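Asker: Sharing structure_34.cif, mmCIF, C-alpha atoms and all ligand atoms:
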data_coords
loop_
_atom_site.label_atom_id
_atom_site.label_comp_id
_atom_site.auth_asym_id
_atom_site.auth_seq_id
_atom_site.Cartn_x
_atom_site.Cartn_y
_atom_site.Cartn_z
CA MET A 1 -51.61 -37.10 44.15
CA LYS A 2 -48.86 -34.91 42.72
CA ILE A 3 -49.79 -31.74 40.85
CA LEU A 4 -47.74 -29.35 38.78
CA ALA A 5 -49.50 -26.01 39.37
CA MET A 6 -48.69 -23.00 37.18
CA SER A 7 -49.90 -19.44 36.69
CA ASP A 8 -49.20 -16.02 35.27
CA VAL A 9 -45.63 -16.26 33.94
CA GLU A 10 -43.57 -18.78 32.03
CA ASP A 11 -41.12 -20.32 34.45
CA ASN A 12 -37.52 -20.83 33.24
CA ARG A 13 -36.89 -23.34 36.03
CA LEU A 14 -39.73 -25.50 34.73
CA GLU A 15 -38.41 -25.40 31.17
CA TYR A 16 -34.94 -26.30 32.47
CA ALA A 17 -36.39 -29.25 34.40
CA ILE A 18 -38.23 -30.47 31.29
CA ASN A 19 -35.04 -30.38 29.26
CA PHE A 20 -32.40 -31.47 31.75
CA GLU A 21 -33.98 -32.76 34.99
CA HIS A 22 -36.94 -34.74 33.76
CA GLU A 23 -36.76 -37.11 36.73
CA LYS A 24 -38.01 -34.22 38.92
CA LEU A 25 -41.27 -34.21 36.95
CA ASP A 26 -41.78 -37.91 36.23
CA SER A 27 -44.03 -38.54 39.23
CA ILE A 28 -46.44 -35.68 38.45
CA ASN A 29 -50.01 -36.93 37.91
CA TYR A 30 -51.82 -33.80 36.74
CA ILE A 31 -51.16 -30.27 35.52
CA PHE A 32 -53.25 -27.41 36.90
CA SER A 33 -53.11 -23.94 35.35
CA CYS A 34 -54.49 -21.07 37.42
CA GLY A 35 -54.64 -18.69 34.47
CA ASP A 36 -52.91 -15.92 32.51
CA LEU A 37 -50.65 -18.30 30.62
CA PRO A 38 -50.47 -18.38 26.80
CA ARG A 39 -52.00 -21.39 25.09
CA LYS A 40 -48.71 -22.26 23.34
CA TYR A 41 -46.97 -22.52 26.70
CA LEU A 42 -49.72 -24.74 28.14
CA GLU A 43 -49.45 -26.97 25.08
CA TYR A 44 -45.67 -27.15 25.42
CA ILE A 45 -45.88 -28.21 29.09
CA THR A 46 -48.68 -30.74 28.61
CA ASP A 47 -47.04 -32.22 25.48
CA SER A 48 -43.69 -32.49 27.28
CA LEU A 49 -45.07 -34.13 30.43
CA LYS A 50 -47.92 -36.02 28.76
CA ARG A 51 -50.30 -35.40 31.62
CA SER A 52 -53.90 -34.14 31.72
CA LEU A 53 -54.41 -30.40 32.00
CA TYR A 54 -57.05 -28.82 34.24
CA PHE A 55 -57.24 -25.07 33.85
CA VAL A 56 -59.08 -21.85 34.53
CA SER A 57 -58.67 -18.76 32.39
CA GLY A 58 -57.27 -15.64 33.99
CA ASN A 59 -58.14 -12.09 32.98
CA HIS A 60 -55.48 -12.18 30.22
CA TYR A 61 -55.22 -14.48 27.15
CA VAL A 62 -58.99 -14.99 27.43
CA LEU A 63 -59.72 -15.07 23.69
CA GLN A 64 -57.32 -17.98 23.13
CA PHE A 65 -59.80 -20.17 25.00
CA TYR A 66 -63.10 -18.61 24.06
CA GLY A 67 -62.30 -16.92 20.72
CA ASN A 68 -64.90 -14.89 18.86
CA LYS A 69 -67.68 -16.87 20.44
CA PHE A 70 -67.13 -14.67 23.44
CA ASN A 71 -69.16 -11.96 21.71
CA SER A 72 -72.22 -14.15 21.35
CA PRO A 73 -74.68 -13.28 24.12
CA LYS A 74 -75.56 -16.92 24.76
CA ILE A 75 -71.95 -17.98 25.13
CA LEU A 76 -71.19 -14.88 27.16
CA GLN A 77 -73.94 -15.80 29.56
CA LYS A 78 -72.68 -19.36 29.72
CA LEU A 79 -69.18 -18.21 30.48
CA TYR A 80 -70.17 -15.71 33.08
CA TYR A 81 -72.79 -17.65 34.97
CA GLY A 82 -72.24 -21.18 33.76
CA LYS A 83 -69.40 -23.60 33.43
CA GLY A 84 -66.53 -24.02 31.03
CA MET A 85 -66.65 -26.83 28.52
CA ARG A 86 -65.37 -30.12 29.81
CA LEU A 87 -62.94 -30.53 26.94
CA ARG A 88 -61.34 -27.44 25.50
CA LEU A 89 -58.06 -27.47 23.59
CA GLY A 90 -57.08 -30.79 25.08
CA GLY A 91 -57.62 -29.66 28.65
CA ILE A 92 -60.56 -29.44 31.02
CA ASP A 93 -61.88 -25.93 31.53
CA MET A 94 -62.68 -25.90 35.24
CA HIS A 95 -64.45 -22.53 35.40
CA GLY A 96 -67.62 -23.08 37.41
CA ARG A 97 -67.10 -26.82 37.17
CA VAL A 98 -67.00 -29.54 39.82
CA GLU A 99 -65.14 -32.73 38.86
CA ILE A 100 -64.10 -35.88 40.65
CA LEU A 101 -60.39 -36.55 40.32
CA ASP A 102 -59.14 -39.70 42.04
CA ASP A 103 -60.20 -39.30 45.69
CA HIS A 104 -60.76 -35.55 45.40
CA ILE A 105 -63.40 -33.10 44.31
CA ILE A 106 -61.88 -30.34 42.21
CA VAL A 107 -63.56 -27.01 41.61
CA GLY A 108 -62.50 -24.03 39.45
CA PHE A 109 -63.25 -20.30 39.32
CA GLY A 110 -61.64 -18.30 36.50
CA GLY A 111 -61.28 -14.56 35.89
CA SER A 112 -60.69 -11.67 38.23
CA MET A 113 -62.55 -8.84 39.94
CA ARG A 114 -63.96 -6.40 37.35
CA TYR A 115 -61.65 -3.39 36.94
CA ASN A 116 -62.31 -2.38 33.28
CA PRO A 117 -64.62 -3.46 30.40
CA GLY A 118 -62.34 -6.41 29.50
CA ASN A 119 -63.40 -10.04 29.17
CA PHE A 120 -63.66 -12.54 31.96
CA GLN A 121 -63.89 -10.11 34.83
CA PHE A 122 -66.62 -10.40 37.44
CA GLU A 123 -68.43 -8.27 39.93
CA GLU A 124 -68.63 -9.82 43.37
CA PHE A 125 -72.33 -10.73 42.88
CA GLU A 126 -71.57 -12.44 39.54
CA MET A 127 -68.85 -14.61 41.01
CA GLU A 128 -71.08 -15.33 43.99
CA LYS A 129 -73.64 -16.99 41.66
CA ILE A 130 -70.95 -19.27 40.21
CA VAL A 131 -69.58 -20.11 43.64
CA ARG A 132 -73.03 -20.87 45.09
CA ARG A 133 -73.82 -23.23 42.23
CA ALA A 134 -70.55 -25.11 42.77
CA GLN A 135 -71.37 -25.28 46.48
CA THR A 136 -74.74 -26.90 45.72
CA GLU A 137 -73.08 -29.46 43.42
CA ILE A 138 -70.60 -30.33 46.15
CA ARG A 139 -73.38 -30.79 48.70
CA TRP A 140 -75.10 -33.24 46.32
CA GLN A 141 -71.84 -35.07 45.84
CA ARG A 142 -71.42 -35.32 49.61
CA ILE A 143 -74.98 -36.69 49.98
CA LYS A 144 -74.32 -39.30 47.25
CA ASP A 145 -71.10 -40.35 48.98
CA LEU A 146 -73.01 -40.76 52.25
CA ILE A 147 -75.80 -42.80 50.64
CA PHE A 148 -73.34 -45.16 48.93
CA PHE A 149 -71.02 -45.36 51.97
CA ARG A 150 -68.17 -43.86 49.98
CA LYS A 151 -65.17 -42.22 51.58
CA LYS A 152 -65.51 -38.45 52.01
CA LYS A 153 -63.59 -36.68 49.26
CA GLU A 154 -61.39 -33.71 50.07
CA ILE A 155 -61.88 -30.58 47.97
CA ILE A 156 -59.22 -28.84 45.89
CA VAL A 157 -60.04 -25.43 44.43
CA MET A 158 -58.25 -23.73 41.57
CA SER A 159 -58.99 -20.07 40.92
CA HIS A 160 -57.24 -17.25 39.14
CA ALA A 161 -58.16 -14.50 41.59
CA PRO A 162 -57.25 -14.73 45.27
CA VAL A 163 -59.49 -15.08 48.30
CA GLU A 164 -60.38 -11.75 49.91
CA GLY A 165 -57.83 -10.81 52.55
CA VAL A 166 -55.35 -13.57 51.62
CA HIS A 167 -52.39 -12.68 49.35
CA ASP A 168 -54.60 -10.06 47.62
CA LYS A 169 -53.92 -6.35 47.07
CA GLU A 170 -55.86 -3.15 47.66
CA ASP A 171 -56.38 -2.24 43.99
CA ARG A 172 -59.57 -3.48 42.37
CA CYS A 173 -57.83 -5.69 39.82
CA HIS A 174 -55.97 -7.71 42.44
CA LYS A 175 -58.58 -7.67 45.17
CA GLY A 176 -59.82 -11.10 46.22
CA PHE A 177 -63.46 -12.27 46.19
CA LYS A 178 -65.39 -12.34 49.44
CA CYS A 179 -67.56 -15.21 48.16
CA PHE A 180 -64.39 -17.33 47.99
CA ARG A 181 -63.99 -16.82 51.72
CA ASP A 182 -67.64 -17.81 52.25
CA PHE A 183 -67.02 -20.92 50.14
CA ILE A 184 -64.15 -21.87 52.46
CA ASP A 185 -66.39 -21.48 55.51
CA ALA A 186 -69.16 -23.51 53.87
CA VAL A 187 -67.37 -26.52 52.36
CA LYS A 188 -63.94 -26.41 54.00
CA PRO A 189 -61.62 -27.29 51.11
CA LEU A 190 -58.31 -28.96 51.83
CA LEU A 191 -56.38 -26.84 49.34
CA TRP A 192 -56.94 -23.61 47.40
CA LEU A 193 -54.61 -22.78 44.50
CA HIS A 194 -54.69 -19.33 42.94
CA GLY A 195 -52.58 -17.03 40.76
CA HIS A 196 -53.03 -13.41 39.57
CA VAL A 197 -50.96 -11.82 42.34
CA HIS A 198 -47.34 -11.46 41.25
CA PHE A 199 -44.77 -11.54 43.98
CA GLU A 200 -41.80 -9.30 43.45
CA GLY A 201 -39.85 -10.67 46.40
CA GLN A 202 -39.60 -14.25 47.55
CA MET A 203 -39.94 -13.09 51.17
CA LYS A 204 -43.64 -12.39 50.82
CA THR A 205 -46.06 -15.00 52.08
CA GLN A 206 -47.31 -17.37 49.41
CA GLN A 207 -48.98 -19.94 51.65
CA THR A 208 -51.61 -19.23 54.28
CA LEU A 209 -53.67 -21.58 56.38
CA ILE A 210 -57.27 -20.43 56.93
CA GLU A 211 -58.89 -22.84 59.35
CA GLN A 212 -58.16 -26.19 57.64
CA THR A 213 -57.67 -24.77 54.12
CA LEU A 214 -54.16 -24.23 52.81
CA ILE A 215 -54.19 -21.34 50.34
CA VAL A 216 -51.23 -21.30 47.93
CA ASN A 217 -50.29 -18.64 45.41
CA VAL A 218 -48.79 -20.82 42.70
CA TYR A 219 -47.10 -17.94 40.84
CA SER A 220 -45.17 -18.95 38.84
CA SER A 221 -45.08 -22.72 39.32
CA LYS A 222 -45.13 -25.16 42.21
CA ILE A 223 -45.11 -28.90 42.70
CA ILE A 224 -47.80 -29.89 45.18
CA GLU A 225 -47.93 -33.31 46.74
CA ILE A 226 -51.10 -34.37 48.54
CA ASN A 227 -51.04 -37.41 50.72
CA LYS A 228 -54.39 -37.78 52.51
CA CYS A 229 -54.56 -34.47 54.42
CA GLU A 230 -50.84 -33.72 54.25
CA ILE A 231 -49.72 -31.19 51.67
CA LEU A 232 -46.18 -30.52 50.58
CA VAL A 233 -45.54 -27.44 48.42
CA LYS A 234 -42.22 -27.13 46.61
CA ASN A 235 -40.70 -24.83 44.05
CA ILE A 236 -39.37 -26.54 40.92
FE FE B 1 -54.41 -12.11 36.25
#
Spell out the structure here as structure tokens.
Ligand SMILES: [Fe+2]

Answerer:
Amino acid sequence: MKILAMSDVEDNRLEYAINFEHEKLDSINYIFSCGDLPRKYLEYITDSLKRSLYFVSGNHYVLQFYGNKFNSPKILQKLYYGKGMRLRLGGIDMHGRVEILDDHIIVGFGGSMRYNPGNFQFEEFEMEKIVRRAQTEIRWQRIKDLIFFRKKKEIIVMSHAPVEGVHDKEDRCHKGFKCFRDFIDAVKPLLWLHGHVHFEGQMKTQQTLIEQTLIVNVYSSKIIEINKCEILVKNI
């Protein structure tokens, strides 16, 4: 499986590849957005590559996905403690959702740690509820695979915020969630893609292995090739 993963900023290298080096992108199967990208840009990339989009919303550009409905208490509750809609604006909103994609289970967690009254920010306990529910769904999936003698599916997570202690920062906005770390211990994903943390210098670490989980900050875009348990991460 080959994924184009994007987050946070529009990448000139990606636009250049779309216009002049299309062969670099021909073998991509899916597009994953880890948040904070404008809707127009997502549409431009998905229309150009003609591939399915799986996304989570970041803490910015939230209203473009959820609009005025965000103010309705029912929807608000659904967004905060529930899942995103399967089809939204031509993509699949992965927030709080567990999906089967080829031989993989994909899971998404949008938003960031709460740092002001803005939309789509979560306290640790709020995110923990969403994470626990996804964990339960994955356990059921694993049981079903066992019952029907199906091959065990590896897990890929896409989040906007980072995992606590990995690529995160001290300030509240950019601090990672502890429940993400607990999720890693519990279900041992193969790959965790996140955004939200901007790297000023290319020397900073953007990939970290925690036990068997490779955590990648996709800022601003990466091509990720997964072949069984081997993962190759490249810049465009
Ligand atoms: Fe962000």

Asker: By how many Å are atom CA of A:Met127 and atom CA of A:Phe177 apart?

Answerer: 7.8 Å

Asker: Could you tell me, counting all atoms listed in the file, which protein and nucleic acid residues lie no more than 6 Å from ligand FE 1 (chain B), written as number ranges by chain?

Answerer: A: 36, 58-59, 196

Asker: Distance table requested - stretch 30-67 of chain A against stretch 151-162 of chain A, cut-off 12 Å, only C-alpha atoms: one row per qualifying residue with the closest atom pair and its distance in Å to one decimal, ordered by chain and rising residue number, as a tab-separated table.

Answerer:
residue	atom	partner	partner_atom	distance
A:Ile31	CA	A:Met158	CA	11.4
A:Phe32	CA	A:Met158	CA	7.8
A:Ser33	CA	A:Met158	CA	8.1
A:Cys34	CA	A:His160	CA	5.0
A:Gly35	CA	A:His160	CA	5.5
A:Asp36	CA	A:His160	CA	8.0
A:Leu37	CA	A:His160	CA	10.8
A:Tyr54	CA	A:Met158	CA	9.0
A:Phe55	CA	A:Met158	CA	7.9
A:Val56	CA	A:Ser159	CA	6.6
A:Ser57	CA	A:His160	CA	7.1
A:Gly58	CA	A:His160	CA	5.4
A:Asn59	CA	A:His160	CA	8.1
A:His60	CA	A:His160	CA	10.4

Asker: Compile the contact shell of stretch 26-30 of chain A as a ChimeraX atom specification: residues with an atom at most 7 Å away, counting only C-alpha atoms, same-chain residues fewer than 4 positions apart removed.

Answerer: /A:1-4,22,51-53

Asker: Which one is closest to A:Asn227: A:Gly110, A:Asp103, A:Leu193, A:Gln212? Count all atoms listed in the file.

Answerer: A:Asp103

Asker: Anything within 12 Å of (-38.0, -31.5, 27.7): list those residues as a ChimeraX atom specification, counting only C-alpha atoms and sticking to the file's coordinates.

Answerer: /A:13-26,44-50

Asker: Can you sort out the box for stretch 166-174 of chain A, edges along x, y and z, all listed atoms in, 6 Å on every side, with centre and edge lengths in Å to one decimal, as AutoDock Vina command-line options?

Answerer:
--center_x -56.0 --center_y -7.9 --center_z 45.7 --size_x 19.2 --size_y 23.3 --size_z 23.8

Asker: With all atoms listed in the file as the basis for distance, which of A:Ile147, A:Val62, A:Glu225, A:Tyr219 is at the shortest distance from A:Glu10?

Answerer: A:Tyr219

Asker: Please measure the separation of atom CA of A:Gly118 and atom CA of A:Val98, giving the value in Å to one decimal.

Answerer: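 If I compute the distance from atom CA of A:Gly118 to atom CA of A:Val98, I get 25.8 Å.
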
Asker: Give me, as a compact mmCIF listing (two decimals) with C-alpha atoms, in the frame of the given file, all polymer residues having an atom no more than 8 Å from A:Phe180, counting all atoms listed in the file and skipping those fewer than 6 positions away in the same chain.

Answerer:
# COMPACT_ATOMS: atom_id res chain seq x y z
CA VAL A 131 -69.58 -20.11 43.64
CA VAL A 163 -59.49 -15.08 48.30
CA GLU A 164 -60.38 -11.75 49.91

Asker: Hey, can you check how far atom CA of A:Asp171 sits from atom CA of A:Leu209?

Answerer: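 Atom-to-atom, atom CA of A:Asp171 to atom CA of A:Leu209, that is 23.1 Å.
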
Asker: Which residue is closest to A:Glu128? Choose from A:Cys179, A:Leu146, A:Val218, A:Met113 and count all atoms listed in the file.

Answerer: A:Cys179

Asker: Can you take the partial stretch 51-65 of chain A, add N, CA and C atoms, and return it as a PDB file, in the coordinates of the input?

Answerer:
ATOM      1  N   ARG A  51     -49.352 -35.272  30.510  1.00  0.00           N
ATOM      2  CA  ARG A  51     -50.300 -35.400  31.620  1.00  0.00           C
ATOM      3  C   ARG A  51     -51.536 -34.561  31.300  1.00  0.00           C
ATOM      4  N   SER A  52     -52.661 -34.890  31.965  1.00  0.00           N
ATOM      5  CA  SER A  52     -53.900 -34.140  31.720  1.00  0.00           C
ATOM      6  C   SER A  52     -53.811 -32.740  32.301  1.00  0.00           C
ATOM      7  N   LEU A  53     -54.417 -31.811  31.576  1.00  0.00           N
ATOM      8  CA  LEU A  53     -54.410 -30.400  32.000  1.00  0.00           C
ATOM      9  C   LEU A  53     -55.798 -30.000  32.500  1.00  0.00           C
ATOM     10  N   TYR A  54     -55.845 -29.435  33.681  1.00  0.00           N
ATOM     11  CA  TYR A  54     -57.050 -28.820  34.240  1.00  0.00           C
ATOM     12  C   TYR A  54     -56.736 -27.334  34.369  1.00  0.00           C
ATOM     13  N   PHE A  55     -57.607 -26.485  33.825  1.00  0.00           N
ATOM     14  CA  PHE A  55     -57.240 -25.070  33.850  1.00  0.00           C
ATOM     15  C   PHE A  55     -58.435 -24.149  34.119  1.00  0.00           C
ATOM     16  N   VAL A  56     -58.113 -22.944  34.590  1.00  0.00           N
ATOM     17  CA  VAL A  56     -59.080 -21.850  34.530  1.00  0.00           C
ATOM     18  C   VAL A  56     -58.416 -20.724  33.756  1.00  0.00           C
ATOM     19  N   SER A  57     -59.224 -19.913  33.088  1.00  0.00           N
ATOM     20  CA  SER A  57     -58.670 -18.760  32.390  1.00  0.00           C
ATOM     21  C   SER A  57     -58.496 -17.628  33.388  1.00  0.00           C
ATOM     22  N   GLY A  58     -57.437 -16.848  33.183  1.00  0.00           N
ATOM     23  CA  GLY A  58     -57.270 -15.640  33.990  1.00  0.00           C
ATOM     24  C   GLY A  58     -57.987 -14.485  33.321  1.00  0.00           C
ATOM     25  N   ASN A  59     -57.565 -13.272  33.620  1.00  0.00           N
ATOM     26  CA  ASN A  59     -58.140 -12.090  32.980  1.00  0.00           C
ATOM     27  C   ASN A  59     -57.355 -11.713  31.722  1.00  0.00           C
ATOM     28  N   HIS A  60     -56.233 -12.395  31.460  1.00  0.00           N
ATOM     29  CA  HIS A  60     -55.480 -12.180  30.220  1.00  0.00           C
ATOM     30  C   HIS A  60     -55.534 -13.463  29.381  1.00  0.00           C
ATOM     31  N   TYR A  61     -55.199 -13.339  28.090  1.00  0.00           N
ATOM     32  CA  TYR A  61     -55.220 -14.480  27.150  1.00  0.00           C
ATOM     33  C   TYR A  61     -56.592 -15.169  27.144  1.00  0.00           C
ATOM     34  N   VAL A  62     -57.652 -14.395  27.335  1.00  0.00           N
ATOM     35  CA  VAL A  62     -58.990 -14.990  27.430  1.00  0.00           C
ATOM     36  C   VAL A  62     -59.463 -15.507  26.071  1.00  0.00           C
ATOM     37  N   LEU A  63     -59.190 -14.708  25.004  1.00  0.00           N
ATOM     38  CA  LEU A  63     -59.720 -15.070  23.690  1.00  0.00           C
ATOM     39  C   LEU A  63     -59.120 -16.363  23.157  1.00  0.00           C
ATOM     40  N   GLN A  64     -57.932 -16.737  23.624  1.00  0.00           N
ATOM     41  CA  GLN A  64     -57.320 -17.980  23.130  1.00  0.00           C
ATOM     42  C   GLN A  64     -58.173 -19.191  23.516  1.00  0.00           C
ATOM     43  N   PHE A  65     -58.924 -19.076  24.595  1.00  0.00           N
ATOM     44  CA  PHE A  65     -59.800 -20.170  25.000  1.00  0.00           C
ATOM     45  C   PHE A  65     -61.194 -20.023  24.411  1.00  0.00           C
TER      46      PHE A  65
END
